[in-house]
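Structure file protein_12.cif; described as mmCIF, C-alpha atoms; chains and numbers go by the auth columns.
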```
data_model
loop_
_atom_site.group_PDB
_atom_site.id
_atom_site.type_symbol
_atom_site.label_atom_id
_atom_site.label_comp_id
_atom_site.label_asym_id
_atom_site.label_seq_id
_atom_site.Cartn_x
_atom_site.Cartn_y
_atom_site.Cartn_z
_atom_site.B_iso_or_equiv
_atom_site.auth_seq_id
_atom_site.auth_asym_id
ATOM 1 C CA MET A 1 0.000 0.000 0.000 0.00 1 A
ATOM 2 C CA LYS A 2 1.375 3.366 -1.032 0.00 2 A
ATOM 3 C CA ASN A 3 2.012 5.879 1.726 0.00 3 A
ATOM 4 C CA SER A 4 0.976 9.518 1.477 0.00 4 A
ATOM 5 C CA PHE A 5 3.473 12.384 1.591 0.00 5 A
ATOM 6 C CA THR A 6 2.211 13.228 5.072 0.00 6 A
ATOM 7 C CA GLU A 7 2.741 9.677 6.304 0.00 7 A
ATOM 8 C CA GLU A 8 6.273 9.693 4.901 0.00 8 A
ATOM 9 C CA ASN A 9 6.990 12.981 6.678 0.00 9 A
ATOM 10 C CA TYR A 10 5.835 11.466 9.965 0.00 10 A
ATOM 11 C CA LEU A 11 8.014 8.390 9.513 0.00 11 A
ATOM 12 C CA LYS A 12 11.029 10.573 8.737 0.00 12 A
ATOM 13 C CA ALA A 13 10.370 12.717 11.806 0.00 13 A
ATOM 14 C CA ILE A 14 9.916 9.688 14.070 0.00 14 A
ATOM 15 C CA TYR A 15 13.161 8.179 12.804 0.00 15 A
ATOM 16 C CA LYS A 16 15.090 11.387 13.517 0.00 16 A
ATOM 17 C CA LEU A 17 13.610 11.590 17.007 0.00 17 A
ATOM 18 C CA SER A 18 14.402 7.919 17.636 0.00 18 A
ATOM 19 C CA GLU A 19 18.090 8.660 17.058 0.00 19 A
ATOM 20 C CA LYS A 20 17.999 10.512 20.391 0.00 20 A
ATOM 21 C CA HIS A 21 15.296 8.567 22.267 0.00 21 A
ATOM 22 C CA GLU A 22 14.458 4.875 22.110 0.00 22 A
ATOM 23 C CA LEU A 23 10.750 5.663 22.500 0.00 23 A
ATOM 24 C CA VAL A 24 9.246 8.753 20.890 0.00 24 A
ATOM 25 C CA ALA A 25 6.542 10.896 22.525 0.00 25 A
ATOM 26 C CA THR A 26 3.569 12.344 20.656 0.00 26 A
ATOM 27 C CA THR A 27 4.440 15.829 21.896 0.00 27 A
ATOM 28 C CA ASP A 28 7.947 15.533 20.424 0.00 28 A
ATOM 29 C CA ILE A 29 6.492 14.722 17.011 0.00 29 A
ATOM 30 C CA ALA A 30 4.054 17.639 17.284 0.00 30 A
ATOM 31 C CA ASN A 31 6.885 20.018 18.164 0.00 31 A
ATOM 32 C CA MET A 32 9.120 18.818 15.325 0.00 32 A
ATOM 33 C CA LEU A 33 6.351 19.086 12.721 0.00 33 A
ATOM 34 C CA ASN A 34 4.830 22.206 14.295 0.00 34 A
ATOM 35 C CA ILE A 35 1.297 20.786 14.459 0.00 35 A
ATOM 36 C CA ARG A 36 -1.265 20.038 17.184 0.00 36 A
ATOM 37 C CA SER A 37 -0.897 16.915 19.312 0.00 37 A
ATOM 38 C CA ALA A 38 -4.459 15.868 18.437 0.00 38 A
ATOM 39 C CA THR A 39 -3.562 15.888 14.740 0.00 39 A
ATOM 40 C CA VAL A 40 -0.492 13.766 15.476 0.00 40 A
ATOM 41 C CA THR A 41 -2.578 11.254 17.433 0.00 41 A
ATOM 42 C CA ASP A 42 -4.951 10.770 14.495 0.00 42 A
ATOM 43 C CA MET A 43 -2.059 10.135 12.093 0.00 43 A
ATOM 44 C CA LEU A 44 -0.319 7.741 14.489 0.00 44 A
ATOM 45 C CA LYS A 45 -3.464 5.620 14.597 0.00 45 A
ATOM 46 C CA LYS A 46 -3.285 5.293 10.794 0.00 46 A
ATOM 47 C CA LEU A 47 0.400 4.386 10.921 0.00 47 A
ATOM 48 C CA ALA A 48 -0.286 1.778 13.591 0.00 48 A
ATOM 49 C CA VAL A 49 -3.008 0.182 11.448 0.00 49 A
ATOM 50 C CA LYS A 50 -0.458 -0.060 8.615 0.00 50 A
ATOM 51 C CA LYS A 51 1.984 -1.645 11.086 0.00 51 A
ATOM 52 C CA LEU A 52 4.536 1.124 10.560 0.00 52 A
ATOM 53 C CA ILE A 53 4.749 2.042 14.257 0.00 53 A
ATOM 54 C CA ARG A 54 4.188 0.247 17.542 0.00 54 A
ATOM 55 C CA TYR A 55 2.970 1.801 20.786 0.00 55 A
ATOM 56 C CA GLU A 56 4.191 0.985 24.264 0.00 56 A
ATOM 57 C CA ARG A 57 1.423 2.082 26.590 0.00 57 A
ATOM 58 C CA TYR A 58 2.297 5.102 28.762 0.00 58 A
ATOM 59 C CA LYS A 59 5.838 5.094 27.348 0.00 59 A
ATOM 60 C CA GLY A 60 5.831 6.128 23.708 0.00 60 A
ATOM 61 C CA LEU A 61 6.196 4.605 20.283 0.00 61 A
ATOM 62 C CA HIS A 62 8.833 3.284 17.926 0.00 62 A
ATOM 63 C CA LEU A 63 9.039 2.376 14.283 0.00 63 A
ATOM 64 C CA THR A 64 8.535 -1.177 13.132 0.00 64 A
ATOM 65 C CA GLU A 65 11.154 -2.588 10.763 0.00 65 A
ATOM 66 C CA LYS A 66 8.883 -1.678 7.853 0.00 66 A
ATOM 67 C CA GLY A 67 8.364 1.847 9.188 0.00 67 A
ATOM 68 C CA ARG A 68 12.085 2.323 9.778 0.00 68 A
ATOM 69 C CA SER A 69 12.879 1.202 6.228 0.00 69 A
ATOM 70 C CA ILE A 70 10.515 3.824 4.771 0.00 70 A
ATOM 71 C CA GLY A 71 11.801 6.568 7.095 0.00 71 A
ATOM 72 C CA VAL A 72 15.430 5.863 6.203 0.00 72 A
ATOM 73 C CA LYS A 73 14.608 5.791 2.491 0.00 73 A
ATOM 74 C CA ILE A 74 13.024 9.259 2.729 0.00 74 A
ATOM 75 C CA ILE A 75 16.073 10.572 4.584 0.00 75 A
ATOM 76 C CA ARG A 76 18.347 9.051 1.925 0.00 76 A
ATOM 77 C CA LYS A 77 16.417 10.749 -0.872 0.00 77 A
ATOM 78 C CA HIS A 78 16.286 14.099 0.939 0.00 78 A
ATOM 79 C CA ARG A 79 20.011 14.225 1.645 0.00 79 A
ATOM 80 C CA LEU A 80 21.011 13.053 -1.833 0.00 80 A
ATOM 81 C CA TRP A 81 18.766 15.688 -3.393 0.00 81 A
ATOM 82 C CA GLU A 82 20.304 18.390 -1.186 0.00 82 A
ATOM 83 C CA LEU A 83 23.793 17.406 -2.291 0.00 83 A
ATOM 84 C CA PHE A 84 22.751 17.142 -5.939 0.00 84 A
ATOM 85 C CA LEU A 85 21.191 20.615 -5.840 0.00 85 A
ATOM 86 C CA VAL A 86 24.339 22.123 -4.326 0.00 86 A
ATOM 87 C CA GLN A 87 26.972 20.297 -6.349 0.00 87 A
ATOM 88 C CA GLN A 88 25.303 19.855 -9.727 0.00 88 A
ATOM 89 C CA LEU A 89 22.793 22.713 -9.935 0.00 89 A
ATOM 90 C CA LYS A 90 24.807 25.244 -7.899 0.00 90 A
ATOM 91 C CA PHE A 91 22.077 26.106 -5.419 0.00 91 A
ATOM 92 C CA LYS A 92 23.218 27.777 -2.211 0.00 92 A
ATOM 93 C CA TRP A 93 23.296 25.796 1.030 0.00 93 A
ATOM 94 C CA ASP A 94 20.379 27.710 2.539 0.00 94 A
ATOM 95 C CA GLU A 95 18.176 27.202 -0.541 0.00 95 A
ATOM 96 C CA VAL A 96 18.075 23.418 -0.835 0.00 96 A
ATOM 97 C CA HIS A 97 16.121 22.177 2.190 0.00 97 A
ATOM 98 C CA GLU A 98 12.649 23.244 1.060 0.00 98 A
ATOM 99 C CA ILE A 99 13.243 21.975 -2.488 0.00 99 A
ATOM 100 C CA ALA A 100 14.508 18.624 -1.185 0.00 100 A
ATOM 101 C CA GLU A 101 11.373 18.392 1.007 0.00 101 A
ATOM 102 C CA GLN A 102 9.361 18.226 -2.222 0.00 102 A
ATOM 103 C CA LEU A 103 11.733 16.004 -4.203 0.00 103 A
ATOM 104 C CA GLU A 104 12.148 13.400 -1.436 0.00 104 A
ATOM 105 C CA HIS A 105 8.684 11.989 -2.221 0.00 105 A
ATOM 106 C CA ILE A 106 9.586 10.920 -5.777 0.00 106 A
ATOM 107 C CA GLN A 107 9.107 7.151 -5.776 0.00 107 A
ATOM 108 C CA SER A 108 11.697 6.052 -8.375 0.00 108 A
ATOM 109 C CA ASP A 109 14.486 4.091 -6.675 0.00 109 A
ATOM 110 C CA GLU A 110 16.337 3.940 -9.991 0.00 110 A
ATOM 111 C CA LEU A 111 16.466 7.736 -10.181 0.00 111 A
ATOM 112 C CA ILE A 112 17.816 8.044 -6.632 0.00 112 A
ATOM 113 C CA ASN A 113 20.401 5.309 -7.191 0.00 113 A
ATOM 114 C CA ARG A 114 21.579 7.046 -10.384 0.00 114 A
ATOM 115 C CA ILE A 115 21.953 10.340 -8.496 0.00 115 A
ATOM 116 C CA ASP A 116 23.899 8.500 -5.787 0.00 116 A
ATOM 117 C CA GLU A 117 26.239 7.108 -8.454 0.00 117 A
ATOM 118 C CA ILE A 118 26.688 10.481 -10.191 0.00 118 A
ATOM 119 C CA LEU A 119 27.645 12.053 -6.867 0.00 119 A
ATOM 120 C CA GLY A 120 30.197 9.308 -6.205 0.00 120 A
ATOM 121 C CA PHE A 121 28.258 7.476 -3.475 0.00 121 A
ATOM 122 C CA PRO A 122 28.684 10.275 -0.909 0.00 122 A
ATOM 123 C CA LYS A 123 28.698 9.570 2.819 0.00 123 A
ATOM 124 C CA SER A 124 27.229 12.917 3.911 0.00 124 A
ATOM 125 C CA ASP A 125 25.015 15.752 2.659 0.00 125 A
ATOM 126 C CA PRO A 126 25.935 19.470 2.404 0.00 126 A
ATOM 127 C CA HIS A 127 25.271 19.937 6.111 0.00 127 A
ATOM 128 C CA GLY A 128 27.431 17.022 7.217 0.00 128 A
ATOM 129 C CA ASP A 129 24.543 14.639 7.964 0.00 129 A
ATOM 130 C CA PRO A 130 25.198 10.997 6.982 0.00 130 A
ATOM 131 C CA ILE A 131 23.543 9.591 3.853 0.00 131 A
ATOM 132 C CA PRO A 132 22.364 5.946 4.079 0.00 132 A
ATOM 133 C CA ASP A 133 23.215 3.682 1.159 0.00 133 A
ATOM 134 C CA ARG A 134 20.636 1.817 -0.928 0.00 134 A
ATOM 135 C CA ASN A 135 20.471 -0.853 1.794 0.00 135 A
ATOM 136 C CA GLY A 136 19.638 1.708 4.475 0.00 136 A
ATOM 137 C CA ILE A 137 23.067 1.535 6.116 0.00 137 A
ATOM 138 C CA PHE A 138 24.580 4.769 7.369 0.00 138 A
ATOM 139 C CA GLY A 139 28.290 5.048 6.669 0.00 139 A
ATOM 140 C CA LYS A 140 30.729 6.582 9.098 0.00 140 A
ATOM 141 C CA THR A 141 32.143 9.995 8.315 0.00 141 A
ATOM 142 C CA SER A 142 35.457 11.298 9.584 0.00 142 A
ATOM 143 C CA SER A 143 34.502 14.970 9.621 0.00 143 A
ATOM 144 C CA ILE A 144 35.655 17.070 12.562 0.00 144 A
ATOM 145 C CA PRO A 145 35.042 20.725 13.517 0.00 145 A
ATOM 146 C CA LEU A 146 37.464 23.238 12.050 0.00 146 A
ATOM 147 C CA SER A 147 38.099 24.389 15.620 0.00 147 A
ATOM 148 C CA ASP A 148 39.820 21.039 16.304 0.00 148 A
ATOM 149 C CA MET A 149 42.453 21.744 13.677 0.00 149 A
ATOM 150 C CA LYS A 150 45.871 23.126 14.589 0.00 150 A
ATOM 151 C CA PRO A 151 47.475 26.282 13.142 0.00 151 A
ATOM 152 C CA LYS A 152 49.282 25.724 9.815 0.00 152 A
ATOM 153 C CA SER A 153 46.986 22.784 8.996 0.00 153 A
ATOM 154 C CA ILE A 154 45.018 22.397 5.751 0.00 154 A
ATOM 155 C CA SER A 155 41.638 20.691 5.531 0.00 155 A
ATOM 156 C CA THR A 156 38.643 20.374 3.183 0.00 156 A
ATOM 157 C CA VAL A 157 35.137 21.638 3.970 0.00 157 A
ATOM 158 C CA SER A 158 32.773 18.657 4.196 0.00 158 A
ATOM 159 C CA GLY A 159 29.684 20.188 5.818 0.00 159 A
ATOM 160 C CA VAL A 160 28.329 22.160 8.749 0.00 160 A
ATOM 161 C CA SER A 161 26.861 21.280 12.127 0.00 161 A
ATOM 162 C CA GLU A 162 24.732 24.457 12.181 0.00 162 A
ATOM 163 C CA ASN A 163 22.349 24.569 9.248 0.00 163 A
ATOM 164 C CA SER A 164 20.296 27.672 9.981 0.00 164 A
ATOM 165 C CA ALA A 165 19.702 29.964 7.009 0.00 165 A
ATOM 166 C CA GLU A 166 21.564 32.767 8.788 0.00 166 A
ATOM 167 C CA PHE A 167 24.708 30.692 9.264 0.00 167 A
ATOM 168 C CA LEU A 168 24.667 29.319 5.718 0.00 168 A
ATOM 169 C CA LYS A 169 24.195 32.820 4.288 0.00 169 A
ATOM 170 C CA TYR A 170 27.163 33.969 6.367 0.00 170 A
ATOM 171 C CA LEU A 171 29.335 31.233 4.833 0.00 171 A
ATOM 172 C CA ASP A 172 28.226 32.325 1.362 0.00 172 A
ATOM 173 C CA LYS A 173 29.105 35.898 2.289 0.00 173 A
ATOM 174 C CA ILE A 174 32.676 34.986 3.206 0.00 174 A
ATOM 175 C CA GLY A 175 32.956 32.789 0.107 0.00 175 A
ATOM 176 C CA LEU A 176 33.083 29.370 1.783 0.00 176 A
ATOM 177 C CA ALA A 177 31.575 26.331 0.046 0.00 177 A
ATOM 178 C CA LEU A 178 31.722 22.527 0.091 0.00 178 A
ATOM 179 C CA GLY A 179 35.060 21.180 -1.085 0.00 179 A
ATOM 180 C CA ASP A 180 36.981 24.379 -0.357 0.00 180 A
ATOM 181 C CA LYS A 181 40.450 24.086 1.155 0.00 181 A
ATOM 182 C CA ILE A 182 40.943 25.936 4.438 0.00 182 A
ATOM 183 C CA THR A 183 44.367 26.851 5.761 0.00 183 A
ATOM 184 C CA ILE A 184 44.545 27.933 9.402 0.00 184 A
ATOM 185 C CA HIS A 185 47.244 30.566 9.816 0.00 185 A
ATOM 186 C CA SER A 186 46.762 31.336 13.500 0.00 186 A
ATOM 187 C CA VAL A 187 44.362 31.064 16.442 0.00 187 A
ATOM 188 C CA GLU A 188 44.219 33.896 18.984 0.00 188 A
ATOM 189 C CA ALA A 189 44.763 32.618 22.534 0.00 189 A
ATOM 190 C CA TYR A 190 42.387 35.196 24.045 0.00 190 A
ATOM 191 C CA ASP A 191 39.182 34.649 22.073 0.00 191 A
ATOM 192 C CA GLN A 192 40.061 31.751 19.735 0.00 192 A
ATOM 193 C CA LEU A 193 39.662 33.976 16.671 0.00 193 A
ATOM 194 C CA HIS A 194 40.736 31.883 13.682 0.00 194 A
ATOM 195 C CA ARG A 195 42.792 33.552 10.968 0.00 195 A
ATOM 196 C CA ILE A 196 42.222 31.466 7.845 0.00 196 A
ATOM 197 C CA SER A 197 42.437 31.541 4.068 0.00 197 A
ATOM 198 C CA ILE A 198 40.108 29.791 1.639 0.00 198 A
ATOM 199 C CA ASN A 199 41.670 28.039 -1.358 0.00 199 A
ATOM 200 C CA GLN A 200 44.924 29.905 -0.668 0.00 200 A
ATOM 201 C CA GLY A 201 43.203 33.257 -1.169 0.00 201 A
ATOM 202 C CA LYS A 202 43.247 36.297 1.077 0.00 202 A
ATOM 203 C CA GLU A 203 43.236 35.842 4.827 0.00 203 A
ATOM 204 C CA ILE A 204 40.031 36.391 6.795 0.00 204 A
ATOM 205 C CA SER A 205 39.055 35.962 10.445 0.00 205 A
ATOM 206 C CA VAL A 206 36.228 33.797 11.793 0.00 206 A
ATOM 207 C CA SER A 207 35.031 33.469 15.361 0.00 207 A
ATOM 208 C CA LYS A 208 35.374 30.417 17.569 0.00 208 A
ATOM 209 C CA SER A 209 31.653 29.616 17.190 0.00 209 A
ATOM 210 C CA VAL A 210 31.929 29.728 13.393 0.00 210 A
ATOM 211 C CA ALA A 211 34.976 27.435 13.446 0.00 211 A
ATOM 212 C CA GLN A 212 33.121 25.007 15.707 0.00 212 A
ATOM 213 C CA ASN A 213 30.257 24.746 13.220 0.00 213 A
ATOM 214 C CA ILE A 214 32.310 24.189 10.070 0.00 214 A
ATOM 215 C CA LEU A 215 33.043 20.485 9.446 0.00 215 A
ATOM 216 C CA VAL A 216 36.216 19.488 7.643 0.00 216 A
ATOM 217 C CA LEU A 217 38.044 16.415 6.407 0.00 217 A
ATOM 218 C CA VAL A 218 41.791 15.930 6.718 0.00 218 A
ATOM 219 C CA LYS A 219 43.574 13.934 4.030 0.00 219 A
#
```
Please lay out the structure from this file as structure tokens.
Amino acid sequence: MKNSFTEENYLKAIYKLSEKHELVATTDIANMLNIRSATVTDMLKKLAVKKLIRYERYKGLHLTEKGRSIGVKIIRKHRLWELFLVQQLKFKWDEVHEIAEQLEHIQSDELINRIDEILGFPKSDPHGDPIPDRNGIFGKTSSIPLSDMKPKSISTVSGVSENSAEFLKYLDKIGLALGDKITIHSVEAYDQLHRISINQGKEISVSKSVAQNILVLVK
């Protein structure tokens, strides 16, 4: 039986919440999706009938194996679309989430697998979140915060841990994008101000909080 877009959104949300809590509360789902708890309760009843979730009375709910499989597949499609939009279509980081929300409901597995192949079977999306493979397995990424790097080191931007529109627009403003090479020239002892250059260009300064939210790979 085909699932509606709304049902898929619920399964994705429940999966994300289950990464932090073994059992998920109705109120948590309502807060994540920004809807009323009563509306959530009605949808959960439908998902339970389809055997996509299972309740534990007075405790919460969790996904069944079938429900988890669908939730992970939606996450896979969303994150691959985000990366495709950034790398292939040159969208900005802060522009891709809403578009990927629409594209993630395309049903063609062949299309998604082709995009995965074109992108080189990536392990993470533009924000540094892991992308599951076609079998639903999340690979391990070796990204670390830029703030963990030592002066004189060189690393490659692999994502961000802060994906607010404001932060992503700031990175665009300073000219930082996925795949860029960052050289750390110095770190101020007083306030941890990082003096860096991007792709061996002019030096700029970024704050400690910015450096903590930029994810990099070291080769």
query: If you measure from CA of Lys150 (chain A) to CA of Leu215 (chain A), what distance in Å do you get, rounded to one decimal?
result: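 Rounded to one decimal, the two atoms are 14.1 Å apart.
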task: Rank nothing, just name the residue among A:Ala13, A:Leu103, A:Ala189, A:Leu176 nearest to Leu33 (chain A), using only C-alpha atoms.
output: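 For Leu33 (chain A), the nearest of the candidates is A:Ala13.
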message: Could you tell me, as a PyMOL selection string, exactly which residues end up selected when the PyMOL selection byres ((chain A and resi 23) around 6) is applied to this structure?
response: chain A and resi 21-22+24+60-62
- prompt: If you measure from CA of Val86 (chain A) to CA of Ile115 (chain A), what distance in Å do you get, rounded to one decimal?
  reply: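 Interatomic distance, CA of Val86 (chain A) to CA of Ile115 (chain A): 12.7 Å.
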Shell of 10 Å around Ser124 (chain A), all atoms listed in the file, local chain residues under 3 positions omitted, as a list in words: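 Those residues are Arg76, Arg79, Leu80, Leu83, Phe121, His127, Gly128, Asp129, Pro130, Ile131, Pro132, Phe138, Gly139, Lys140, Thr141, Ser143, Ser158 and Gly159 of chain A.
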All residues 12 Å or closer to Val187 (chain A), only C-alpha atoms, same chain fewer than 2 positions away omitted, as a list in words: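 Counting only C-alpha atoms, the residues come to Leu146, Ser147, Asp148, Met149, Lys150, Pro151, Lys152, Ser153, Thr183, Ile184, His185, Ala189, Tyr190, Asp191, Gln192, Leu193, His194, Arg195, Ile196, Ile204, Ser205, Val206, Ser207, Lys208 and Ala211 of chain A.
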Polymer residues at most 10 Å from (29.9, 25.2, 4.4) by all atoms listed in the file, as a list of chain:residue names: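 Nearby residues: A:Lys92, A:Trp93, A:Pro126, A:His127, A:Gly128, A:Val157, A:Ser158, A:Gly159, A:Val160, A:Ser161, A:Glu162, A:Asn163, A:Phe167, A:Leu168, A:Lys169, A:Tyr170, A:Leu171, A:Asp172, A:Gly175, A:Leu176, A:Ala177, A:Leu178, A:Gly179, A:Asp180, A:Asn213, A:Ile214, A:Leu215, A:Val216.
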query: Rounded to one decimal in Å, what is the spacing between CA of Lys20 (chain A) and CA of Ser142 (chain A)?
result: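 One can read the CA of Lys20 (chain A) to CA of Ser142 (chain A) distance as 20.5 Å.
Nearest residue to Leu63 (chain A) among A:Arg134, A:Lys50, A:Lys173, A:His105 is A:Lys50, counting only C-alpha atoms.
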field: Selected residue, from A:Val210, A:Ile154, A:Leu52, A:Ile198, that lies nearest to Gly71 (chain A) when counting only C-alpha atoms
entry: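 Nearest to Gly71 (chain A): A:Leu52.
You can rank A:Ile29, A:Leu111, A:Leu217, A:Leu11 by their closest distance to Lys46 (chain A) using all atoms listed in the file, and at the top of that list sits A:Leu11.
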field: Nearest candidate to Ile99 (chain A) (options A:Leu44, A:Leu85, A:Val72, A:Ile112; using all atoms listed in the file)
entry: A:Leu85
message: Here's the selection I'm unsure about, the PyMOL selection byres ((chain A and resi 27) around 10); applied to the file above, which residues does it give, as a VMD selection string?
response: chain A and resid 24 to 26 28 to 38 40 to 41 60
Store the residues picked out above in a file with C-alpha atoms, as a PDB file, in the coordinates of the input.
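Wrote part.pdb, looks like this:
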```pdb
ATOM      1  CA  VAL A  24       9.246   8.753  20.890  1.00  0.00           C
ATOM      2  CA  ALA A  25       6.542  10.896  22.525  1.00  0.00           C
ATOM      3  CA  THR A  26       3.569  12.344  20.656  1.00  0.00           C
ATOM      4  CA  ASP A  28       7.947  15.533  20.424  1.00  0.00           C
ATOM      5  CA  ILE A  29       6.492  14.722  17.011  1.00  0.00           C
ATOM      6  CA  ALA A  30       4.054  17.639  17.284  1.00  0.00           C
ATOM      7  CA  ASN A  31       6.885  20.018  18.164  1.00  0.00           C
ATOM      8  CA  MET A  32       9.120  18.818  15.325  1.00  0.00           C
ATOM      9  CA  LEU A  33       6.351  19.086  12.721  1.00  0.00           C
ATOM     10  CA  ASN A  34       4.830  22.206  14.295  1.00  0.00           C
ATOM     11  CA  ILE A  35       1.297  20.786  14.459  1.00  0.00           C
ATOM     12  CA  ARG A  36      -1.265  20.038  17.184  1.00  0.00           C
ATOM     13  CA  SER A  37      -0.897  16.915  19.312  1.00  0.00           C
ATOM     14  CA  ALA A  38      -4.459  15.868  18.437  1.00  0.00           C
ATOM     15  CA  VAL A  40      -0.492  13.766  15.476  1.00  0.00           C
ATOM     16  CA  THR A  41      -2.578  11.254  17.433  1.00  0.00           C
ATOM     17  CA  GLY A  60       5.831   6.128  23.708  1.00  0.00           C
TER      18      GLY A  60
END
```
- request: Name the closest residue to Gln102 (chain A) among the candidates A:Thr39, A:Ser155, A:Phe5, A:Phe84; distances are taken between atoms, counting all atoms listed in the file.
  value: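 Smallest distance to Gln102 (chain A) is found for A:Phe5.
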Provide region 179-197 of chain A of the preceding structure as a file containing N, CA and C atoms, as a PDB file, in the first residue's frame.
```
ATOM      1  N   GLY A 179      33.886  21.532  -0.297  1.00  0.00           N
ATOM      2  CA  GLY A 179      35.060  21.180  -1.085  1.00  0.00           C
ATOM      3  C   GLY A 179      36.178  22.192  -1.045  1.00  0.00           C
ATOM      4  N   ASP A 180      35.930  23.360  -0.449  1.00  0.00           N
ATOM      5  CA  ASP A 180      36.981  24.379  -0.357  1.00  0.00           C
ATOM      6  C   ASP A 180      38.085  23.934   0.598  1.00  0.00           C
ATOM      7  N   LYS A 181      39.297  24.364   0.287  1.00  0.00           N
ATOM      8  CA  LYS A 181      40.450  24.086   1.155  1.00  0.00           C
ATOM      9  C   LYS A 181      40.632  25.260   2.137  1.00  0.00           C
ATOM     10  N   ILE A 182      40.724  24.916   3.417  1.00  0.00           N
ATOM     11  CA  ILE A 182      40.943  25.936   4.438  1.00  0.00           C
ATOM     12  C   ILE A 182      42.323  25.765   5.058  1.00  0.00           C
ATOM     13  N   THR A 183      43.073  26.827   5.069  1.00  0.00           N
ATOM     14  CA  THR A 183      44.367  26.851   5.761  1.00  0.00           C
ATOM     15  C   THR A 183      44.211  27.714   7.008  1.00  0.00           C
ATOM     16  N   ILE A 184      44.567  27.156   8.158  1.00  0.00           N
ATOM     17  CA  ILE A 184      44.545  27.933   9.402  1.00  0.00           C
ATOM     18  C   ILE A 184      45.920  28.558   9.595  1.00  0.00           C
ATOM     19  N   HIS A 185      45.970  29.876   9.636  1.00  0.00           N
ATOM     20  CA  HIS A 185      47.244  30.566   9.816  1.00  0.00           C
ATOM     21  C   HIS A 185      47.569  30.793  11.293  1.00  0.00           C
ATOM     22  N   SER A 186      46.539  31.125  12.070  1.00  0.00           N
ATOM     23  CA  SER A 186      46.762  31.336  13.500  1.00  0.00           C
ATOM     24  C   SER A 186      45.442  31.289  14.245  1.00  0.00           C
ATOM     25  N   VAL A 187      45.533  31.049  15.560  1.00  0.00           N
ATOM     26  CA  VAL A 187      44.362  31.064  16.442  1.00  0.00           C
ATOM     27  C   VAL A 187      44.715  31.918  17.658  1.00  0.00           C
ATOM     28  N   GLU A 188      43.944  33.000  17.867  1.00  0.00           N
ATOM     29  CA  GLU A 188      44.219  33.896  18.984  1.00  0.00           C
ATOM     30  C   GLU A 188      43.952  33.195  20.314  1.00  0.00           C
ATOM     31  N   ALA A 189      44.901  33.270  21.233  1.00  0.00           N
ATOM     32  CA  ALA A 189      44.763  32.618  22.534  1.00  0.00           C
ATOM     33  C   ALA A 189      43.613  33.212  23.346  1.00  0.00           C
ATOM     34  N   TYR A 190      43.384  34.512  23.205  1.00  0.00           N
ATOM     35  CA  TYR A 190      42.387  35.196  24.045  1.00  0.00           C
ATOM     36  C   TYR A 190      40.957  34.790  23.714  1.00  0.00           C
ATOM     37  N   ASP A 191      40.573  34.905  22.448  1.00  0.00           N
ATOM     38  CA  ASP A 191      39.182  34.649  22.073  1.00  0.00           C
ATOM     39  C   ASP A 191      39.019  33.568  21.006  1.00  0.00           C
ATOM     40  N   GLN A 192      40.093  32.843  20.717  1.00  0.00           N
ATOM     41  CA  GLN A 192      40.061  31.751  19.735  1.00  0.00           C
ATOM     42  C   GLN A 192      39.624  32.221  18.347  1.00  0.00           C
ATOM     43  N   LEU A 193      39.927  33.472  18.021  1.00  0.00           N
ATOM     44  CA  LEU A 193      39.662  33.976  16.671  1.00  0.00           C
ATOM     45  C   LEU A 193      40.578  33.250  15.690  1.00  0.00           C
ATOM     46  N   HIS A 194      39.970  32.655  14.669  1.00  0.00           N
ATOM     47  CA  HIS A 194      40.736  31.883  13.682  1.00  0.00           C
ATOM     48  C   HIS A 194      41.064  32.757  12.467  1.00  0.00           C
ATOM     49  N   ARG A 195      42.347  32.857  12.170  1.00  0.00           N
ATOM     50  CA  ARG A 195      42.792  33.552  10.968  1.00  0.00           C
ATOM     51  C   ARG A 195      43.014  32.490   9.906  1.00  0.00           C
ATOM     52  N   ILE A 196      42.188  32.524   8.851  1.00  0.00           N
ATOM     53  CA  ILE A 196      42.222  31.466   7.845  1.00  0.00           C
ATOM     54  C   ILE A 196      42.293  32.054   6.442  1.00  0.00           C
ATOM     55  N   SER A 197      42.604  31.188   5.480  1.00  0.00           N
ATOM     56  CA  SER A 197      42.437  31.541   4.068  1.00  0.00           C
ATOM     57  C   SER A 197      41.699  30.399   3.391  1.00  0.00           C
TER      58      SER A 197
END
```
